[in-house]
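Okay, structure first, notes after.
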Amino acid sequence: MTEATYTVEGMTCAHCAGSVREEVGELAGVASVDVDVATGRVKVTSEAPLTRDEVEAAVTEAGYRLVP
């Protein structure tokens with residue numbers, strides 16, 4: 001398993017966190033997604049490393065922005 005942490009901009013509530021968790025969680029190999037709305041941190045645990053582009057596309061699909 002591998003872990004990566006990202007920062008997402010624009011999340012303000014539990015619904016926001018759920019949207020990000022759902023979209024990122026649908027990526028192949030993702031085991032868990034932990035979202036902290038207060039800090040914007042998203043910790044992804046997956047079977048193999050994910051590309052930043054994959055995660056960014058999922059976050060964008062949820063309606064938010066991955067911070068560079």
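The way I read the labels, and the way they are meant: chains A, B, ... in the order of the structure tokens, residue 1 as the first residue of every chain, and ligand 1 as the first ligand shown, with later ones counted on from there.
Inside chain A, the residues DSSP reads as strand (DSSP E or B) when given the backbone are Thr2, Glu3, Ala4, Thr5, Tyr6, Thr7, Val8, Glu9, Val30, Ala31, Ser32, Val33, Asp34, Val35, Asp36, Arg41, Val42, Lys43, Val44, Thr45, Ser46, Arg65 and Leu66 of chain A.
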Residues from last step as file, C-alpha atoms, as a PDB file, in the first residue's frame:
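Full text of selection-v9.pdb as output:
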```
ATOM      1  CA  THR A   2       1.048   3.557  -0.627  1.00  0.00           C
ATOM      2  CA  GLU A   3      -0.161   6.854   0.858  1.00  0.00           C
ATOM      3  CA  ALA A   4      -0.197  10.326  -0.653  1.00  0.00           C
ATOM      4  CA  THR A   5      -1.545  13.585   0.733  1.00  0.00           C
ATOM      5  CA  TYR A   6      -2.978  16.378  -1.386  1.00  0.00           C
ATOM      6  CA  THR A   7      -4.490  19.775  -0.638  1.00  0.00           C
ATOM      7  CA  VAL A   8      -7.874  20.602  -2.137  1.00  0.00           C
ATOM      8  CA  GLU A   9      -9.226  24.134  -2.395  1.00  0.00           C
ATOM      9  CA  VAL A  30      -7.812   3.210  -4.059  1.00  0.00           C
ATOM     10  CA  ALA A  31      -8.345   1.584  -0.662  1.00  0.00           C
ATOM     11  CA  SER A  32      -9.322   4.648   1.388  1.00  0.00           C
ATOM     12  CA  VAL A  33      -9.707   8.413   1.193  1.00  0.00           C
ATOM     13  CA  ASP A  34      -9.559  10.567   4.335  1.00  0.00           C
ATOM     14  CA  VAL A  35     -10.696  14.180   3.957  1.00  0.00           C
ATOM     15  CA  ASP A  36     -10.138  17.014   6.468  1.00  0.00           C
ATOM     16  CA  ARG A  41      -6.019  17.809   3.224  1.00  0.00           C
ATOM     17  CA  VAL A  42      -6.938  14.626   1.400  1.00  0.00           C
ATOM     18  CA  LYS A  43      -4.986  11.468   2.271  1.00  0.00           C
ATOM     19  CA  VAL A  44      -5.289   8.695  -0.289  1.00  0.00           C
ATOM     20  CA  THR A  45      -4.246   5.117   0.431  1.00  0.00           C
ATOM     21  CA  SER A  46      -3.930   2.958  -2.679  1.00  0.00           C
ATOM     22  CA  ARG A  65      -9.381  22.307  -7.258  1.00  0.00           C
ATOM     23  CA  LEU A  66      -6.174  20.494  -6.378  1.00  0.00           C
TER      24      LEU A  66
END
```
Would you give me, as number ranges by chain, the residues in segment 9-47 of chain A that DSSP reads as helix (DSSP H, G or I)?
A: 14-25
| query | Leaving out Met11 of chain A and any residue of its chain fewer than 2 positions from it, which residues lie within 9 Å of it when counting only C-alpha atoms, given as a PyMOL selection string? | reply | chain A and resi 8-9+13-17+20+37-38+40+64
Could you write those residues out with C-alpha atoms, as a PDB file, in the first residue's frame?
```pdb
ATOM      1  CA  VAL A   8      -7.874  20.602  -2.137  1.00  0.00           C
ATOM      2  CA  GLU A   9      -9.226  24.134  -2.395  1.00  0.00           C
ATOM      3  CA  CYS A  13     -18.606  21.237   4.508  1.00  0.00           C
ATOM      4  CA  ALA A  14     -19.200  17.524   4.987  1.00  0.00           C
ATOM      5  CA  HIS A  15     -21.017  17.351   1.632  1.00  0.00           C
ATOM      6  CA  CYS A  16     -17.909  18.760  -0.080  1.00  0.00           C
ATOM      7  CA  ALA A  17     -15.753  16.156   1.635  1.00  0.00           C
ATOM      8  CA  VAL A  20     -14.211  14.464  -3.087  1.00  0.00           C
ATOM      9  CA  VAL A  37     -12.336  19.939   5.426  1.00  0.00           C
ATOM     10  CA  ALA A  38     -10.700  22.385   7.862  1.00  0.00           C
ATOM     11  CA  GLY A  40      -8.254  20.865   2.830  1.00  0.00           C
ATOM     12  CA  TYR A  64     -12.965  21.411  -6.512  1.00  0.00           C
TER      13      TYR A  64
END
```
Closest of A:Gly29, A:Gly10, A:Glu23, A:Gly63 to Pro49 of chain A, counting only C-alpha atoms, is A:Gly29
| task | Record the distance separating atom CA of Thr12 of chain A and atom CA of Ala48 of chain A, expressed in Å with one decimal. | result |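 These atoms are spaced 29.4 Å apart.
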Restricting the calculation to only C-alpha atoms: of A:Val67, A:Leu50, A:Met1, A:Ala57, which residue gets closest to Ala28 of chain A?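 Using only C-alpha atoms, Ala28 of chain A sits closest to A:Leu50.
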The distance between atom CA of Leu27 of chain A and atom CA of Thr39 of chain A is 22.6 Å
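Atom pair atom CA of Gly18 of chain A / atom CA of Asp53 of chain A: separated by 20.2 Å.
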